[in-house]
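**Q** Right, I'll just put the structure down here and ask away after.
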Amino acid sequence: QVRLTESGGGLVQVGGSLRLSCAASGSIRRTNVMGWYRQAPGDQRELVATINTGGLTKYADSVKGRFIISNDNAKNTVLLQMNSLKPEDTALYSCYYGSDLGSKYWGQGTQVTVSS
């Protein structure tokens, strides 16, 4: 079992920045992927960004050049720096953990609201 503890999020104006943090605890595999998904009301959950323990990153096209994901493997944490935020970034952001054995976990989510 893996527990994900998220922090960050909140209300910010257009063009502002926020940072999300997620710490994983429990049965953590040495090889894994962590990252963030988001879901706006009425929409499907979508990938925002992920990073694996080797440092390989993946971003949604809509956030490339604005968001930066990083990790600390020793602390089992992942950070998402979100810059130049837009109203369409408003959503519930959930931390994700996926192991090399196929297990997947999501956090409860933290709300990000970008006001225009």
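Residues are named by chain letter and number: chains run A, B, ... in the order of the structure tokens, numbers start at 1 in each chain, and ligands are numbered from 1 in the order shown.
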Fewer than 4 positions away in the same chain doesn't count, so skip those; otherwise give me all residues within 10 Å of Lys64 in chain A, counting only C-alpha atoms, as an MDAnalysis selection string.

**A** chainID A and resid 48:49 58:60 68

**Q** Take the selection from the previous step and output its residues with N, CA and C atoms, as a PDB file, in the first residue's frame.

**A**
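And here's selection-v5.pdb as it stands now:
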ATOM      1  N   VAL A  48      -0.985  15.601 -16.351  1.00  0.00           N
ATOM      2  CA  VAL A  48      -0.329  16.903 -16.395  1.00  0.00           C
ATOM      3  C   VAL A  48       1.166  16.699 -16.657  1.00  0.00           C
ATOM      4  N   ALA A  49       1.803  15.932 -15.761  1.00  0.00           N
ATOM      5  CA  ALA A  49       3.234  15.672 -15.902  1.00  0.00           C
ATOM      6  C   ALA A  49       3.615  14.488 -15.027  1.00  0.00           C
ATOM      7  N   LYS A  58       7.511  13.558 -18.625  1.00  0.00           N
ATOM      8  CA  LYS A  58       6.477  13.574 -19.653  1.00  0.00           C
ATOM      9  C   LYS A  58       5.513  14.693 -19.274  1.00  0.00           C
ATOM     10  N   TYR A  59       5.137  15.513 -20.252  1.00  0.00           N
ATOM     11  CA  TYR A  59       4.243  16.640 -20.005  1.00  0.00           C
ATOM     12  C   TYR A  59       3.081  16.626 -20.982  1.00  0.00           C
ATOM     13  N   ALA A  60       1.943  17.116 -20.520  1.00  0.00           N
ATOM     14  CA  ALA A  60       0.844  17.397 -21.431  1.00  0.00           C
ATOM     15  C   ALA A  60       1.260  18.573 -22.308  1.00  0.00           C
ATOM     16  N   ILE A  68       7.071  22.695 -14.526  1.00  0.00           N
ATOM     17  CA  ILE A  68       8.293  21.913 -14.374  1.00  0.00           C
ATOM     18  C   ILE A  68       8.096  20.888 -13.264  1.00  0.00           C
TER      19      ILE A  68
END

**Q** Taking the DSSP assignment computed from this structure's backbone, write out as an NGL selection string all residues of chain A that belong to strand (DSSP E or B).

**A** :A and (2-8 or 10-13 or 18-26 or 32-39 or 46-52 or 57-59 or 67-72 or 77-82 or 91-99 or 104-106 or 110-115)

**Q** I need the residue nearest Leu18 in chain A from this list: A:Gly109, A:Asn32, A:Asn83, A:Ala74. Use only C-alpha atoms for the distance.

**A**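 For Leu18 in chain A, the nearest of the candidates is A:Asn83.
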
**Q** Considering only C-alpha atoms, return as a list in words whatever protein or nucleic-acid residues lie within 12 Å of Ser116 in chain A, sequence-local ones (same chain, fewer than 4 positions apart) excluded.

**A**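 Surrounding residues, per the criterion: Leu11, Val12, Gln13, Val14, Gly15, Gly16, Leu85, Lys86, Pro87, Glu88, Asp89 and Thr90 of chain A.
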
**Q** For the residues in the current selection, export N, CA, C and O atoms as a PDB file, in the first residue's frame.

**A**
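Contents of again01.pdb, freshly written:
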ATOM      1  N   LEU A  11      -5.618  29.555  -4.644  1.00  0.00           N
ATOM      2  CA  LEU A  11      -6.164  30.538  -5.583  1.00  0.00           C
ATOM      3  C   LEU A  11      -5.042  31.476  -6.032  1.00  0.00           C
ATOM      4  O   LEU A  11      -4.300  32.002  -5.199  1.00  0.00           O
ATOM      5  N   VAL A  12      -4.956  31.696  -7.336  1.00  0.00           N
ATOM      6  CA  VAL A  12      -3.919  32.576  -7.886  1.00  0.00           C
ATOM      7  C   VAL A  12      -4.491  33.315  -9.088  1.00  0.00           C
ATOM      8  O   VAL A  12      -5.421  32.826  -9.741  1.00  0.00           O
ATOM      9  N   GLN A  13      -3.937  34.476  -9.370  1.00  0.00           N
ATOM     10  CA  GLN A  13      -4.392  35.244 -10.524  1.00  0.00           C
ATOM     11  C   GLN A  13      -3.709  34.749 -11.795  1.00  0.00           C
ATOM     12  O   GLN A  13      -2.658  34.103 -11.753  1.00  0.00           O
ATOM     13  N   VAL A  14      -4.316  35.074 -12.912  1.00  0.00           N
ATOM     14  CA  VAL A  14      -3.744  34.710 -14.207  1.00  0.00           C
ATOM     15  C   VAL A  14      -2.302  35.223 -14.299  1.00  0.00           C
ATOM     16  O   VAL A  14      -2.015  36.367 -13.925  1.00  0.00           O
ATOM     17  N   GLY A  15      -1.434  34.347 -14.778  1.00  0.00           N
ATOM     18  CA  GLY A  15      -0.026  34.698 -14.898  1.00  0.00           C
ATOM     19  C   GLY A  15       0.800  34.399 -13.666  1.00  0.00           C
ATOM     20  O   GLY A  15       2.036  34.496 -13.702  1.00  0.00           O
ATOM     21  N   GLY A  16       0.140  34.021 -12.597  1.00  0.00           N
ATOM     22  CA  GLY A  16       0.839  33.728 -11.351  1.00  0.00           C
ATOM     23  C   GLY A  16       1.438  32.333 -11.329  1.00  0.00           C
ATOM     24  O   GLY A  16       1.380  31.592 -12.320  1.00  0.00           O
ATOM     25  N   LEU A  85       0.234  30.698 -15.058  1.00  0.00           N
ATOM     26  CA  LEU A  85      -1.035  29.966 -14.950  1.00  0.00           C
ATOM     27  C   LEU A  85      -2.151  30.658 -15.716  1.00  0.00           C
ATOM     28  O   LEU A  85      -2.207  31.897 -15.791  1.00  0.00           O
ATOM     29  N   LYS A  86      -3.025  29.826 -16.285  1.00  0.00           N
ATOM     30  CA  LYS A  86      -4.154  30.291 -17.092  1.00  0.00           C
ATOM     31  C   LYS A  86      -5.460  29.815 -16.451  1.00  0.00           C
ATOM     32  O   LYS A  86      -5.463  28.822 -15.704  1.00  0.00           O
ATOM     33  N   PRO A  87      -6.574  30.467 -16.761  1.00  0.00           N
ATOM     34  CA  PRO A  87      -7.861  30.008 -16.210  1.00  0.00           C
ATOM     35  C   PRO A  87      -8.141  28.531 -16.536  1.00  0.00           C
ATOM     36  O   PRO A  87      -8.734  27.830 -15.719  1.00  0.00           O
ATOM     37  N   GLU A  88      -7.711  28.080 -17.695  1.00  0.00           N
ATOM     38  CA  GLU A  88      -7.954  26.684 -18.079  1.00  0.00           C
ATOM     39  C   GLU A  88      -7.115  25.686 -17.285  1.00  0.00           C
ATOM     40  O   GLU A  88      -7.303  24.478 -17.422  1.00  0.00           O
ATOM     41  N   ASP A  89      -6.202  26.170 -16.457  1.00  0.00           N
ATOM     42  CA  ASP A  89      -5.464  25.287 -15.553  1.00  0.00           C
ATOM     43  C   ASP A  89      -6.257  24.987 -14.283  1.00  0.00           C
ATOM     44  O   ASP A  89      -5.839  24.149 -13.472  1.00  0.00           O
ATOM     45  N   THR A  90      -7.366  25.664 -14.094  1.00  0.00           N
ATOM     46  CA  THR A  90      -8.200  25.431 -12.917  1.00  0.00           C
ATOM     47  C   THR A  90      -8.713  24.001 -12.910  1.00  0.00           C
ATOM     48  O   THR A  90      -9.342  23.543 -13.875  1.00  0.00           O
TER      49      THR A  90
END

**Q** Of the residues A:Thr77, A:Gln44, A:Ser7, A:Asn71, which is the one nearest to Val112 in chain A, using only C-alpha atoms?

**A**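 So, comparing all the options, the nearest one is A:Ser7.
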
**Q** Using only C-alpha atoms, can you tell me which of A:Ser115, A:Ser62, A:Ser70, A:Ser21 comes closest to Gly8 in chain A?

**A** A:Ser21

**Q** Please identify all polymer residues within 12 Å of Arg45 in chain A, counting only C-alpha atoms, omitting same-chain residues fewer than 6 positions from it, and present them as an MDAnalysis selection string.

**A** chainID A and resid 36:39 91:96 106 109

**Q** Put those residues in a file: N, CA and C atoms, as a JSON list (two decimals), in the first residue's frame.

**A**
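Contents of selection.json, as written:
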[["chain", "number", "residue", "atom", "x", "y", "z"],
["A", 36, "TRP", "N", 1.48, 14.08, -11.63],
["A", 36, "TRP", "CA", 0.23, 14.77, -11.35],
["A", 36, "TRP", "C", -0.75, 14.60, -12.51],
["A", 37, "TYR", "N", -2.00, 14.38, -12.13],
["A", 37, "TYR", "CA", -3.12, 14.40, -13.05],
["A", 37, "TYR", "C", -4.05, 15.50, -12.57],
["A", 38, "ARG", "N", -4.95, 15.95, -13.44],
["A", 38, "ARG", "CA", -5.92, 16.96, -13.04],
["A", 38, "ARG", "C", -7.28, 16.65, -13.67],
["A", 39, "GLN", "N", -8.31, 17.15, -13.00],
["A", 39, "GLN", "CA", -9.66, 16.97, -13.49],
["A", 39, "GLN", "C", -10.47, 18.21, -13.20],
["A", 91, "ALA", "N", -8.43, 23.28, -11.83],
["A", 91, "ALA", "CA", -8.83, 21.88, -11.72],
["A", 91, "ALA", "C", -8.44, 21.33, -10.36],
["A", 92, "LEU", "N", -8.88, 20.12, -10.10],
["A", 92, "LEU", "CA", -8.42, 19.37, -8.94],
["A", 92, "LEU", "C", -7.20, 18.58, -9.38],
["A", 93, "TYR", "N", -6.06, 18.84, -8.75],
["A", 93, "TYR", "CA", -4.81, 18.19, -9.11],
["A", 93, "TYR", "C", -4.53, 17.04, -8.14],
["A", 94, "SER", "N", -4.31, 15.86, -8.69],
["A", 94, "SER", "CA", -4.08, 14.68, -7.86],
["A", 94, "SER", "C", -2.70, 14.11, -8.12],
["A", 95, "CYS", "N", -2.02, 13.78, -7.05],
["A", 95, "CYS", "CA", -0.71, 13.15, -7.15],
["A", 95, "CYS", "C", -0.89, 11.71, -7.60],
["A", 96, "TYR", "N", 0.08, 11.21, -8.35],
["A", 96, "TYR", "CA", 0.03, 9.85, -8.89],
["A", 96, "TYR", "C", 1.33, 9.12, -8.56],
["A", 106, "TRP", "N", -3.57, 7.17, -6.49],
["A", 106, "TRP", "CA", -3.79, 8.62, -6.64],
["A", 106, "TRP", "C", -4.06, 9.22, -5.26],
["A", 109, "GLY", "N", -6.22, 14.82, -3.83],
["A", 109, "GLY", "CA", -6.29, 15.98, -4.70],
["A", 109, "GLY", "C", -6.21, 17.30, -3.95]]

**Q** Hey, which of A:Leu101, A:Val114, A:Ala40, A:Ile69 ends up closest to Ile28 in chain A? Count only C-alpha atoms.

**A** A:Leu101

**Q** Can you pull out every residue within 8 Å of Ser25 in chain A, counting only C-alpha atoms, but drop anything in the same chain fewer than 2 positions away, and send it as a PyMOL selection string?

**A** chain A and resi 2-4+23+27-28+76

**Q** How would the residues just chosen look if you wrote them out with N, CA and C atoms as an mmCIF file, in the first residue's frame?

**A**
data_model
loop_
_atom_site.group_PDB
_atom_site.id
_atom_site.type_symbol
_atom_site.label_atom_id
_atom_site.label_comp_id
_atom_site.auth_asym_id
_atom_site.auth_seq_id
_atom_site.Cartn_x
_atom_site.Cartn_y
_atom_site.Cartn_z
ATOM 1 N N VAL A 2 0.448 2.260 -0.733
ATOM 2 C CA VAL A 2 1.191 3.520 -0.819
ATOM 3 C C VAL A 2 0.259 4.659 -0.433
ATOM 4 N N ARG A 3 0.742 5.545 0.391
ATOM 5 C CA ARG A 3 -0.026 6.732 0.782
ATOM 6 C C ARG A 3 0.639 7.953 0.176
ATOM 7 N N LEU A 4 -0.188 8.841 -0.383
ATOM 8 C CA LEU A 4 0.307 10.058 -1.027
ATOM 9 C C LEU A 4 -0.196 11.271 -0.262
ATOM 10 N N ALA A 23 4.354 13.726 -1.276
ATOM 11 C CA ALA A 23 5.262 12.783 -0.651
ATOM 12 C C ALA A 23 4.608 11.411 -0.602
ATOM 13 N N SER A 27 4.851 1.192 0.914
ATOM 14 C CA SER A 27 5.617 0.194 0.148
ATOM 15 C C SER A 27 6.099 0.815 -1.168
ATOM 16 N N ILE A 28 7.155 1.589 -1.072
ATOM 17 C CA ILE A 28 7.685 2.310 -2.233
ATOM 18 C C ILE A 28 8.702 1.439 -2.959
ATOM 19 N N ASN A 76 11.273 10.315 -1.768
ATOM 20 C CA ASN A 76 10.024 9.866 -2.411
ATOM 21 C C ASN A 76 9.039 11.011 -2.571
#

**Q** Between A:Glu6, A:Ser84, A:Leu79, A:Asp43, single out the one closest to Val63 in chain A, counting only C-alpha atoms.

**A** A:Ser84

**Q** Can you measure CA of Phe67 in chain A to CA of Gln81 in chain A for me? One decimal in Å is fine.

**A**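 So the two atoms, CA of Phe67 in chain A and CA of Gln81 in chain A, lie 5.5 Å apart.
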
**Q** Do you have the CA of Gln111 in chain A-CA of Gly54 in chain A distance handy?

**A**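 Here the two named atoms are 28.5 Å from each other.
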
**Q** Residues near Tyr97 in chain A, anyone? I mean within 7 Å using only C-alpha atoms, not counting same-chain ones fewer than 2 positions away, as a ChimeraX atom specification.

**A** /A:33-35,95,99,104-106

**Q** Generate the output file for the selected residues, C-alpha atoms, as a compact mmCIF listing (two decimals), in the first residue's frame.

**A**
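See part_11.txt below for the written result:
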# COMPACT_ATOMS: atom_id res chain seq x y z
CA VAL A 33 6.78 6.89 -11.70
CA MET A 34 5.26 9.82 -9.86
CA GLY A 35 3.45 12.82 -11.12
CA CYS A 95 -0.71 13.15 -7.15
CA SER A 99 5.21 1.09 -9.52
CA LYS A 104 -1.26 2.66 -9.29
CA TYR A 105 -2.29 5.13 -6.63
CA TRP A 106 -3.79 8.62 -6.64

**Q** CA of Asp72 in chain A and CA of Ile51 in chain A, how far apart in Å?

**A** 10.4 Å
